[in-house]
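Containing compact mmCIF, C-alpha atoms: final.txt.
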# COMPACT_ATOMS: atom_id res chain seq x y z
CA MET T 1 -30.52 -39.92 -2.61
CA GLY T 2 -32.77 -37.04 -3.68
CA PHE T 3 -31.05 -34.69 -1.25
CA VAL T 4 -27.58 -35.73 -2.50
CA SER T 5 -28.66 -35.30 -6.12
CA ALA T 6 -29.95 -31.83 -5.32
CA LEU T 7 -26.62 -30.90 -3.76
CA MET T 8 -24.77 -32.19 -6.82
CA ARG T 9 -26.99 -30.10 -9.10
CA LEU T 10 -26.36 -27.02 -6.96
CA ALA T 11 -22.61 -27.66 -7.13
CA LYS T 12 -22.78 -27.84 -10.93
CA LEU T 13 -24.76 -24.61 -11.04
CA ALA T 14 -22.16 -22.93 -8.81
CA VAL T 15 -19.39 -23.97 -11.18
CA LEU T 16 -21.37 -22.72 -14.18
CA GLY T 17 -22.08 -19.48 -12.35
CA CYS T 18 -18.36 -19.00 -11.85
CA GLY T 19 -17.79 -19.48 -15.55
CA PHE T 20 -20.47 -17.04 -16.71
CA ALA T 21 -20.50 -14.37 -14.01
CA LEU T 22 -16.77 -14.14 -13.37
CA ALA T 23 -14.61 -14.13 -16.45
CA GLY T 24 -11.65 -16.39 -15.92
CA CYS T 25 -12.68 -17.32 -12.37
CA ALA T 26 -9.91 -19.01 -10.37
CA THR T 27 -9.19 -19.89 -6.78
CA VAL T 28 -5.57 -18.74 -6.78
CA LEU T 29 -3.51 -16.34 -8.81
CA ASP T 30 -1.36 -18.01 -11.45
CA GLU T 31 1.98 -17.83 -9.67
CA ASP T 32 3.90 -19.12 -12.70
CA GLY T 33 2.78 -16.07 -14.64
CA ALA T 34 4.71 -13.61 -12.49
CA LEU T 35 7.26 -11.43 -14.26
CA ALA T 36 9.30 -11.19 -11.06
CA VAL T 37 9.31 -12.77 -7.61
CA ALA T 38 11.07 -11.06 -4.70
CA PRO T 39 11.15 -12.06 -1.02
CA PHE T 40 9.99 -9.37 1.36
CA ARG T 41 10.56 -8.63 5.02
CA ILE T 42 8.61 -6.48 7.43
CA GLN T 43 10.47 -3.64 9.12
CA PRO T 44 9.90 -3.05 12.87
CA ASN T 45 7.91 0.03 11.80
CA GLY T 46 5.74 -2.13 9.51
CA GLN T 47 7.18 -1.21 6.10
CA ILE T 48 7.24 -3.92 3.40
CA VAL T 49 10.84 -4.11 2.16
CA ILE T 50 12.23 -5.90 -0.91
CA GLU T 51 15.72 -6.16 -2.38
CA THR T 52 16.30 -3.87 -5.35
CA TYR T 53 19.29 -3.38 -7.63
CA VAL T 54 20.02 0.11 -8.91
CA ASP T 55 21.99 0.43 -12.16
CA GLY T 56 23.53 -2.99 -11.52
CA ARG T 57 24.58 -2.22 -7.94
CA GLY T 58 23.13 -3.64 -4.77
CA PRO T 59 21.15 -5.19 -3.39
CA PHE T 60 19.48 -2.23 -1.70
CA ASP T 61 16.49 -2.34 0.62
CA PHE T 62 13.52 -0.41 -0.76
CA ALA T 63 10.12 -0.15 0.93
CA ILE T 64 6.93 -0.30 -1.15
CA ASP T 65 5.01 2.97 -0.81
CA THR T 66 1.59 3.32 -2.45
CA ALA T 67 1.23 6.91 -1.19
CA ALA T 68 4.41 8.16 -2.87
CA SER T 69 3.98 9.69 -6.32
CA ILE T 70 7.70 9.33 -7.03
CA SER T 71 10.35 6.81 -5.99
CA VAL T 72 13.07 8.12 -3.70
CA ILE T 73 16.54 7.17 -2.50
CA SER T 74 18.05 8.41 0.75
CA ASP T 75 20.79 11.04 0.58
CA SER T 76 23.15 8.79 2.54
CA THR T 77 22.78 5.84 0.14
CA ARG T 78 23.09 8.09 -2.89
CA ALA T 79 26.27 9.65 -1.51
CA GLU T 80 27.80 6.28 -0.54
CA GLN T 81 27.15 4.90 -4.03
CA ASP T 82 28.14 8.15 -5.76
CA PHE T 83 24.95 8.34 -7.81
CA ALA T 84 25.01 11.65 -9.68
CA LEU T 85 22.31 14.32 -9.41
CA LEU T 86 20.62 15.64 -12.53
CA PRO T 87 21.81 19.25 -12.90
CA GLY T 88 19.06 21.77 -12.22
CA GLU T 89 16.38 19.07 -11.87
CA GLN T 90 14.15 19.25 -8.78
CA VAL T 91 10.73 17.95 -7.86
CA ALA T 92 8.17 19.13 -5.29
CA ILE T 93 7.33 16.45 -2.71
CA GLN T 94 4.43 16.69 -0.27
CA GLY T 95 4.59 14.62 2.91
CA PHE T 96 2.23 14.21 5.86
CA LEU T 97 4.14 16.69 7.98
CA SER T 98 5.95 19.01 5.59
CA SER T 99 6.87 19.59 1.97
CA GLY T 100 9.83 20.76 -0.08
CA ARG T 101 11.72 20.62 -3.36
CA PHE T 102 14.37 17.95 -3.81
CA PRO T 103 16.91 17.01 -6.49
CA LEU T 104 16.47 14.19 -8.98
CA VAL T 105 19.06 11.41 -9.32
CA ASP T 106 20.60 10.15 -12.55
CA ILE T 107 19.44 6.50 -12.47
CA ASP T 108 18.66 4.35 -15.51
CA LYS T 109 16.88 1.35 -14.00
CA PHE T 110 15.76 -0.56 -10.95
CA GLU T 111 15.83 -4.36 -10.96
CA ILE T 112 13.45 -6.44 -8.86
CA GLY T 113 13.91 -10.15 -9.27
CA GLN T 114 13.93 -10.82 -13.01
CA GLU T 115 12.23 -7.55 -13.94
CA SER T 116 13.86 -4.24 -14.93
CA LEU T 117 12.02 -0.98 -14.22
CA VAL T 118 13.61 1.41 -16.69
CA ASN T 119 13.69 5.21 -16.83
CA PRO T 120 12.62 5.82 -13.23
CA ARG T 121 12.27 9.31 -11.82
CA VAL T 122 14.03 9.15 -8.47
CA ALA T 123 14.35 11.94 -5.93
CA SER T 124 17.05 12.17 -3.28
CA LEU T 125 15.64 12.84 0.20
CA PRO T 126 17.35 13.58 3.53
CA SER T 127 17.83 10.42 5.55
CA GLU T 128 17.60 11.91 9.05
CA THR T 129 14.09 10.66 9.90
CA ASN T 130 13.26 7.21 11.23
CA ALA T 131 11.32 6.54 8.00
CA PHE T 132 14.66 5.64 6.38
CA ARG T 133 15.97 3.60 9.28
CA GLY T 134 17.05 0.23 7.88
CA ILE T 135 16.13 1.04 4.27
CA ASP T 136 17.73 2.78 1.31
CA GLY T 137 14.65 4.22 -0.37
CA LEU T 138 11.00 3.97 -1.38
CA LEU T 139 9.37 2.49 -4.49
CA GLY T 140 6.49 4.80 -5.43
CA VAL T 141 3.38 4.39 -7.54
CA ASP T 142 5.14 5.93 -10.54
CA LEU T 143 6.89 2.55 -10.92
CA LEU T 144 4.47 0.22 -9.17
CA HIS T 145 1.44 1.09 -11.31
CA ARG T 146 3.12 -0.55 -14.33
CA TYR T 147 2.26 -3.93 -12.76
CA ALA T 148 -0.30 -5.80 -10.75
CA ILE T 149 1.37 -6.55 -7.43
CA GLY T 150 0.67 -9.66 -5.37
CA PHE T 151 1.70 -10.10 -1.74
CA SER T 152 1.81 -13.62 -0.32
CA ALA T 153 1.72 -13.76 3.46
CA ARG T 154 2.35 -17.51 3.31
CA ASP T 155 5.32 -17.48 0.94
CA ARG T 156 6.60 -14.06 2.11
CA VAL T 157 7.17 -12.89 -1.45
CA VAL T 158 6.04 -10.04 -3.66
CA ARG T 159 5.12 -10.93 -7.24
CA LEU T 160 4.99 -8.51 -10.15
CA TYR T 161 2.47 -9.43 -12.85
CA ALA T 162 1.68 -8.01 -16.26
CA PRO T 163 -1.46 -5.89 -15.68
CA GLU T 164 -3.54 -7.78 -18.24
CA LEU T 165 -2.91 -11.12 -16.50
CA VAL T 166 -4.76 -9.97 -13.40
CA SER T 167 -7.18 -7.38 -14.76
CA GLY T 168 -8.99 -9.87 -16.99
CA ARG T 169 -9.73 -12.35 -14.21
CA SER T 170 -11.66 -12.77 -11.00
CA TYR T 171 -10.71 -15.00 -8.10
CA ALA T 172 -12.93 -17.22 -5.99
CA GLY T 173 -12.25 -16.83 -2.27
CA TRP T 174 -10.95 -13.27 -2.73
CA ARG T 175 -12.93 -10.14 -1.91
CA VAL T 176 -12.74 -6.96 -3.95
CA ILE T 177 -12.33 -3.43 -2.61
CA ARG T 178 -12.81 -0.76 -5.25
CA LEU T 179 -10.09 1.87 -5.33
CA ARG T 180 -10.47 5.46 -6.47
CA PRO T 181 -7.33 6.93 -8.01
CA GLU T 182 -6.66 10.52 -6.97
CA TYR T 183 -4.11 12.15 -9.24
CA PHE T 184 -1.39 14.51 -8.21
CA ALA T 185 -1.40 17.86 -9.96
CA LYS T 186 0.41 17.72 -13.32
CA SER T 187 1.27 14.06 -12.83
CA SER T 188 0.11 10.72 -14.20
CA ALA T 189 0.80 9.12 -10.80
CA ALA T 190 -2.05 8.65 -8.36
CA VAL T 191 -2.70 7.66 -4.79
CA TYR T 192 -5.59 5.29 -4.05
CA VAL T 193 -8.58 5.91 -1.83
CA PHE T 194 -11.45 3.66 -0.76
CA ASP T 195 -14.35 3.99 1.65
CA VAL T 196 -14.30 2.32 5.04
CA GLU T 197 -17.00 2.11 7.66
CA ILE T 198 -16.41 2.84 11.35
CA ARG T 199 -19.31 2.97 13.80
CA GLY T 200 -21.79 3.15 10.95
CA GLN T 201 -20.13 6.11 9.22
CA LYS T 202 -18.52 5.97 5.78
CA ILE T 203 -15.06 7.57 5.74
CA PRO T 204 -12.57 8.03 2.87
CA ALA T 205 -9.31 6.19 3.56
CA LEU T 206 -5.93 6.43 1.86
CA LEU T 207 -4.07 3.18 1.05
CA ASP T 208 -0.51 3.81 2.25
CA LEU T 209 1.73 0.73 2.27
CA GLY T 210 4.69 2.99 2.99
CA ALA T 211 3.37 3.53 6.51
CA GLY T 212 3.41 0.78 9.08
CA PHE T 213 0.78 2.56 11.16
CA ASN T 214 -2.81 3.71 10.73
CA LEU T 215 -3.74 7.38 11.08
CA ILE T 216 -6.98 9.16 11.86
CA SER T 217 -7.64 12.87 12.12
CA ALA T 218 -8.55 14.31 15.52
CA VAL T 219 -11.80 15.75 14.13
CA THR T 220 -12.84 12.38 12.71
CA ALA T 221 -12.06 10.63 16.01
CA HIS T 222 -14.22 13.18 17.85
CA ARG T 223 -17.12 12.79 15.39
CA LEU T 224 -17.00 9.02 15.89
CA ASP T 225 -17.21 9.64 19.66
CA TYR T 226 -13.79 8.20 20.45
CA ARG T 227 -11.78 9.37 23.42
CA PRO T 228 -8.14 8.89 22.39
CA ARG T 229 -5.61 7.91 25.03
CA LYS T 230 -2.05 9.03 25.57
CA PRO T 231 0.63 6.48 24.58
CA PRO T 232 2.34 4.82 27.57
CA ALA T 233 5.75 6.14 26.53
CA LYS T 234 7.19 8.90 24.39
CA GLU T 235 6.79 7.89 20.74
CA GLU T 236 7.42 9.50 17.37
CA MET T 237 5.73 9.13 14.01
CA SER T 238 8.20 9.49 11.16
CA GLY T 239 7.36 10.64 7.66
CA ALA T 240 9.80 10.71 4.77
CA LEU T 241 10.56 14.39 5.45
CA GLU T 242 10.01 14.97 9.15
CA SER T 243 9.12 13.34 12.48
CA ALA T 244 6.48 14.38 15.02
CA PRO T 245 5.53 13.16 18.51
CA VAL T 246 2.59 10.78 18.88
CA LEU T 247 0.09 12.55 21.11
CA ARG T 248 -2.88 10.17 21.19
CA ARG T 249 -3.90 6.67 20.16
CA LEU T 250 -7.22 4.92 19.88
CA ARG T 251 -8.45 1.42 19.10
CA VAL T 252 -11.25 0.91 16.57
CA GLU T 253 -13.33 -2.10 17.51
CA ARG T 254 -14.39 -2.85 13.93
CA LEU T 255 -13.25 -1.42 10.61
CA SER T 256 -15.03 -2.56 7.43
CA ALA T 257 -14.48 -2.17 3.71
CA GLY T 258 -17.17 -4.02 1.81
CA ALA T 259 -17.13 -7.64 2.98
CA ILE T 260 -13.72 -7.30 4.67
CA HIS T 261 -13.56 -6.61 8.39
CA TRP T 262 -10.70 -5.82 10.74
CA TYR T 263 -11.07 -5.92 14.51
CA ASP T 264 -9.33 -4.05 17.34
CA THR T 265 -7.30 -1.87 14.99
CA GLU T 266 -5.00 0.73 16.51
CA PHE T 267 -4.79 4.26 15.11
CA THR T 268 -2.49 7.19 15.74
CA VAL T 269 -4.43 10.43 16.04
CA LEU T 270 -3.24 13.46 14.06
CA GLU T 271 -4.46 17.02 14.26
CA VAL T 272 -6.65 17.82 11.26
CA GLU T 273 -4.35 20.53 9.94
CA LEU T 274 -1.71 17.88 9.22
CA PHE T 275 -4.17 16.08 6.96
CA ASP T 276 -4.87 19.36 5.22
CA THR T 277 -1.27 19.42 3.94
CA PHE T 278 -2.50 16.68 1.58
CA LYS T 279 -3.44 19.00 -1.27
CA PHE T 280 -4.53 16.37 -3.77
CA GLY T 281 -8.08 17.62 -4.31
CA PHE T 282 -9.56 15.17 -1.80
CA SER T 283 -9.67 14.86 1.97
CA PRO T 284 -8.74 11.48 3.43
CA ARG T 285 -9.60 11.34 7.10
CA VAL T 286 -8.06 7.91 7.63
CA VAL T 287 -4.75 6.52 6.41
CA LEU T 288 -4.39 2.74 6.40
CA GLY T 289 -0.84 1.40 6.64
CA SER T 290 0.76 -1.89 5.69
CA ALA T 291 0.21 -3.59 9.06
CA LEU T 292 -3.48 -3.87 8.22
CA PHE T 293 -2.78 -6.01 5.15
CA THR T 294 0.37 -8.09 5.63
CA GLN T 295 -1.36 -10.89 7.56
CA ARG T 296 -3.33 -11.81 4.43
CA ASP T 297 -2.62 -12.44 0.77
CA PHE T 298 -3.59 -9.42 -1.29
CA ILE T 299 -3.22 -8.06 -4.82
CA ILE T 300 -3.22 -4.47 -6.02
CA ASP T 301 -4.71 -4.42 -9.50
CA PHE T 302 -3.85 -0.91 -10.70
CA ALA T 303 -5.33 -1.50 -14.17
CA ARG T 304 -8.84 -2.06 -12.78
CA ASN T 305 -8.47 0.10 -9.66
CA ARG T 306 -9.17 -2.69 -7.22
CA LEU T 307 -7.66 -4.33 -4.18
CA LEU T 308 -8.14 -8.10 -3.93
CA ILE T 309 -7.90 -9.59 -0.45
CA LYS T 310 -7.97 -13.27 0.37
CA LEU T 311 -10.61 -13.81 3.00
CA PRO T 312 -9.52 -15.73 6.14
CA VAL T 313 -11.38 -18.97 6.76
CA ASP T 314 -12.80 -17.72 10.05
CA GLN T 315 -13.79 -14.24 8.78
CA ASP T 316 -17.48 -15.02 8.32
CA ARG T 317 -17.67 -17.07 11.50
CA ARG T 318 -16.51 -14.08 13.52

Serialized structure, structure tokens:
Amino acid sequence: MGFVSALMRLAKLAVLGCGFALAGCATVLDEDGALAVAPFRIQPNGQIVIETYVDGRGPFDFAIDTAASISVISDSTRAEQDFALLPGEQVAIQGFLSSGRFPLVDIDKFEIGQESLVNPRVASLPSETNAFRGIDGLLGVDLLHRYAIGFSARDRVVRLYAPELVSGRSYAGWRVIRLRPEYFAKSSAAVYVFDVEIRGQKIPALLDLGAGFNLISAVTAHRLDYRPRKPPAKEEMSGALESAPVLRRLRVERLSAGAIHWYDTEFTVLEVELFDTFKFGFSPRVVLGSALFTQRDFIIDFARNRLLIKLPVDQDRR
């Protein structure tokens, strides 16, 4: 009886600790509090795609892209729908493989589920690369950062929350990865970086849900003492602006970010000069794509610069 009583006292202390140490501690996110709920599907290339209405037309398939500072629509979709261009308005866009200036489109709002995203800045990009295969455009951080975004692997839906609903709470059973916003020049939009550990070395990684693959620079792979292999068949990696052949791949036995671990993770190796086209004032040596996250529930809390990931039951056992 003494042992049972001790366990009961410990349980009460754990509950009290949740109340004092974690403001608003909960085991699950309040799903009823979502501003919008939209089913998602995973493209063969790994992109997370949701249905979006544009100025009352649609639905269109847009992929969520946390490494895009501006939302874009493909030239082919824009032409088919006869969306007008804004006269004389262009924006500079920097991709992994190339850069350029592209026209802006005259669009008043996007609609996702019950939520309207008004006054978007939307660029029109060429649709020749495989990055636009099966989709009409990309939703960038310029729109996404207005919300906290929850992804449910179980329900296969994306939920948009008011930022304050998520930022003021903590969640039992979820692990936190701290994000560092890196701002584009002359822009309020940011991309998000966090540190990962591979073979005992800390490496800055870019969170890129617009990519279905993971990337690592050739120099970083060499420093970690990896010997990349050639892919078994001819493959291409497609960015929003250009495609390039995949020359090497490698498999990382363990990738860690805080208390979260991934095992046997495949990376595409890029020459370091391609990473140097990222002129954001920082130097990511690893890019982590959506395939790393879509098997788990996760939340991007832009207001508090954190990524919440639901820990699998067998994570600690492994």

- Message: I'd like the contact shell of region 157-168 of chain T - 6 Å cut-off, only C-alpha atoms, skipping same-chain residues fewer than 3 positions apart - returned as JSON, numbers by chain.
- Response: {"T": [34, 35, 36, 37, 38, 39, 40, 147, 148, 149, 150, 151, 152, 304]}

- Query: Of the residues T:Ile260, T:Arg180, T:Leu270, T:Asp55, which is the one nearest to Leu308 (chain T), using only C-alpha atoms?
  - Reply: T:Ile260

- Between CA of Gly140 (chain T) and CA of Ala190 (chain T), measure the distance and give it in Å to one decimal.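 Taking CA of Gly140 (chain T) as the start and CA of Ala190 (chain T) as the end point, the length is 9.8 Å.
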
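The shell of residues at most 8 Å from Ile73 (chain T), with all atoms listed in the file counted and near chain neighbours (fewer than 6 positions) removed, consists of Val122, Ala123, Ser124, Leu125, Asp136, Gly137 and Leu138 of chain T.
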
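Among the candidate residues T:Pro228, T:Ala172, T:His222, T:Leu179, the one lying nearest to Lys310 (chain T) is T:Ala172, with distances computed using all atoms listed in the file.
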
- Query: Rounded to one decimal in Å, what is the spacing between CA of Ile177 (chain T) and CA of Gly200 (chain T)?
  - Reply: 17.8 Å

- Query: Looking at T:Asn119, T:Gly134, T:Gly100, T:Ile216, which one is nearest to Ile50 (chain T), with distances taken over only C-alpha atoms?
  - Reply: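 Smallest distance to Ile50 (chain T) is found for T:Gly134.
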
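Remark: for Val196 (chain T), the closest of the candidate residues T:Gln90, T:Ser256, T:Thr77, T:Thr268 is T:Ser256 (distances computed over all atoms listed in the file).
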
At a cut-off of 10 Å, using all atoms listed in the file, what residues contact Val105 (chain T)? Leave out same-chain residues fewer than 2 positions from it and give the result as a PDB file with C-alpha atoms, in the frame of the given file.
ATOM      1  CA  VAL T  72      13.070   8.120  -3.700  1.00  0.00           C
ATOM      2  CA  ILE T  73      16.540   7.170  -2.500  1.00  0.00           C
ATOM      3  CA  ARG T  78      23.090   8.090  -2.890  1.00  0.00           C
ATOM      4  CA  PHE T  83      24.950   8.340  -7.810  1.00  0.00           C
ATOM      5  CA  ALA T  84      25.010  11.650  -9.680  1.00  0.00           C
ATOM      6  CA  LEU T  85      22.310  14.320  -9.410  1.00  0.00           C
ATOM      7  CA  LEU T  86      20.620  15.640 -12.530  1.00  0.00           C
ATOM      8  CA  PRO T  87      21.810  19.250 -12.900  1.00  0.00           C
ATOM      9  CA  GLU T  89      16.380  19.070 -11.870  1.00  0.00           C
ATOM     10  CA  GLN T  90      14.150  19.250  -8.780  1.00  0.00           C
ATOM     11  CA  PHE T 102      14.370  17.950  -3.810  1.00  0.00           C
ATOM     12  CA  PRO T 103      16.910  17.010  -6.490  1.00  0.00           C
ATOM     13  CA  ILE T 107      19.440   6.500 -12.470  1.00  0.00           C
ATOM     14  CA  ASP T 108      18.660   4.350 -15.510  1.00  0.00           C
ATOM     15  CA  PRO T 120      12.620   5.820 -13.230  1.00  0.00           C
ATOM     16  CA  ARG T 121      12.270   9.310 -11.820  1.00  0.00           C
ATOM     17  CA  VAL T 122      14.030   9.150  -8.470  1.00  0.00           C
ATOM     18  CA  ALA T 123      14.350  11.940  -5.930  1.00  0.00           C
ATOM     19  CA  SER T 124      17.050  12.170  -3.280  1.00  0.00           C
TER      20      SER T 124
END

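CA of Gln114 (chain T) sits 23.2 Å away from CA of Thr294 (chain T).
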
- Item | Pick from T:Ser127, T:Gln295, T:Gln201, T:Thr220, whichever lies nearest to Asp75 (chain T) using all atoms listed in the file | T:Ser127

Could you pull region 183-233 of chain T out of the structure just shown and give C-alpha atoms as a PDB file, in the first residue's frame?
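What landed in decode15.pdb:
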ATOM      1  CA  TYR T 183      14.850  37.117 -43.053  1.00  0.00           C
ATOM      2  CA  PHE T 184      15.097  37.828 -46.726  1.00  0.00           C
ATOM      3  CA  ALA T 185      16.604  41.172 -47.635  1.00  0.00           C
ATOM      4  CA  LYS T 186      14.000  43.967 -47.586  1.00  0.00           C
ATOM      5  CA  SER T 187      11.241  41.539 -46.660  1.00  0.00           C
ATOM      6  CA  SER T 188       9.227  40.658 -43.568  1.00  0.00           C
ATOM      7  CA  ALA T 189       9.108  37.024 -44.715  1.00  0.00           C
ATOM      8  CA  ALA T 190      11.597  34.551 -43.294  1.00  0.00           C
ATOM      9  CA  VAL T 191      12.802  31.023 -43.769  1.00  0.00           C
ATOM     10  CA  TYR T 192      13.373  28.854 -40.693  1.00  0.00           C
ATOM     11  CA  VAL T 193      16.580  27.172 -39.604  1.00  0.00           C
ATOM     12  CA  PHE T 194      17.350  24.802 -36.740  1.00  0.00           C
ATOM     13  CA  ASP T 195      20.383  22.819 -35.655  1.00  0.00           C
ATOM     14  CA  VAL T 196      20.622  19.095 -36.268  1.00  0.00           C
ATOM     15  CA  GLU T 197      23.260  16.642 -35.169  1.00  0.00           C
ATOM     16  CA  ILE T 198      24.863  14.091 -37.490  1.00  0.00           C
ATOM     17  CA  ARG T 199      27.782  11.953 -36.323  1.00  0.00           C
ATOM     18  CA  GLY T 200      28.315  14.202 -33.335  1.00  0.00           C
ATOM     19  CA  GLN T 201      28.508  17.426 -35.352  1.00  0.00           C
ATOM     20  CA  LYS T 202      26.006  20.278 -35.102  1.00  0.00           C
ATOM     21  CA  ILE T 203      24.845  21.473 -38.534  1.00  0.00           C
ATOM     22  CA  PRO T 204      22.408  24.265 -39.501  1.00  0.00           C
ATOM     23  CA  ALA T 205      19.410  22.881 -41.392  1.00  0.00           C
ATOM     24  CA  LEU T 206      16.736  24.646 -43.413  1.00  0.00           C
ATOM     25  CA  LEU T 207      13.090  23.587 -42.926  1.00  0.00           C
ATOM     26  CA  ASP T 208      11.728  23.225 -46.471  1.00  0.00           C
ATOM     27  CA  LEU T 209       8.290  21.612 -46.695  1.00  0.00           C
ATOM     28  CA  GLY T 210       8.197  22.530 -50.372  1.00  0.00           C
ATOM     29  CA  ALA T 211      10.814  19.868 -51.063  1.00  0.00           C
ATOM     30  CA  GLY T 212      10.015  16.190 -50.807  1.00  0.00           C
ATOM     31  CA  PHE T 213      13.698  15.324 -50.507  1.00  0.00           C
ATOM     32  CA  ASN T 214      16.558  16.079 -48.128  1.00  0.00           C
ATOM     33  CA  LEU T 215      19.706  17.824 -49.351  1.00  0.00           C
ATOM     34  CA  ILE T 216      23.253  17.964 -48.042  1.00  0.00           C
ATOM     35  CA  SER T 217      26.216  19.829 -49.459  1.00  0.00           C
ATOM     36  CA  ALA T 218      29.114  17.810 -50.858  1.00  0.00           C
ATOM     37  CA  VAL T 219      31.564  19.533 -48.491  1.00  0.00           C
ATOM     38  CA  THR T 220      29.427  18.690 -45.460  1.00  0.00           C
ATOM     39  CA  ALA T 221      29.127  15.050 -46.556  1.00  0.00           C
ATOM     40  CA  HIS T 222      32.915  14.849 -46.899  1.00  0.00           C
ATOM     41  CA  ARG T 223      33.500  16.426 -43.459  1.00  0.00           C
ATOM     42  CA  LEU T 224      31.151  13.868 -41.920  1.00  0.00           C
ATOM     43  CA  ASP T 225      33.209  11.128 -43.609  1.00  0.00           C
ATOM     44  CA  TYR T 226      30.417   9.903 -45.861  1.00  0.00           C
ATOM     45  CA  ARG T 227      31.118   8.297 -49.205  1.00  0.00           C
ATOM     46  CA  PRO T 228      28.070   9.132 -51.346  1.00  0.00           C
ATOM     47  CA  ARG T 229      26.891   6.588 -53.900  1.00  0.00           C
ATOM     48  CA  LYS T 230      25.588   7.052 -57.408  1.00  0.00           C
ATOM     49  CA  PRO T 231      21.816   6.600 -57.813  1.00  0.00           C
ATOM     50  CA  PRO T 232      20.845   3.324 -59.544  1.00  0.00           C
ATOM     51  CA  ALA T 233      19.132   5.175 -62.398  1.00  0.00           C
TER      52      ALA T 233
END
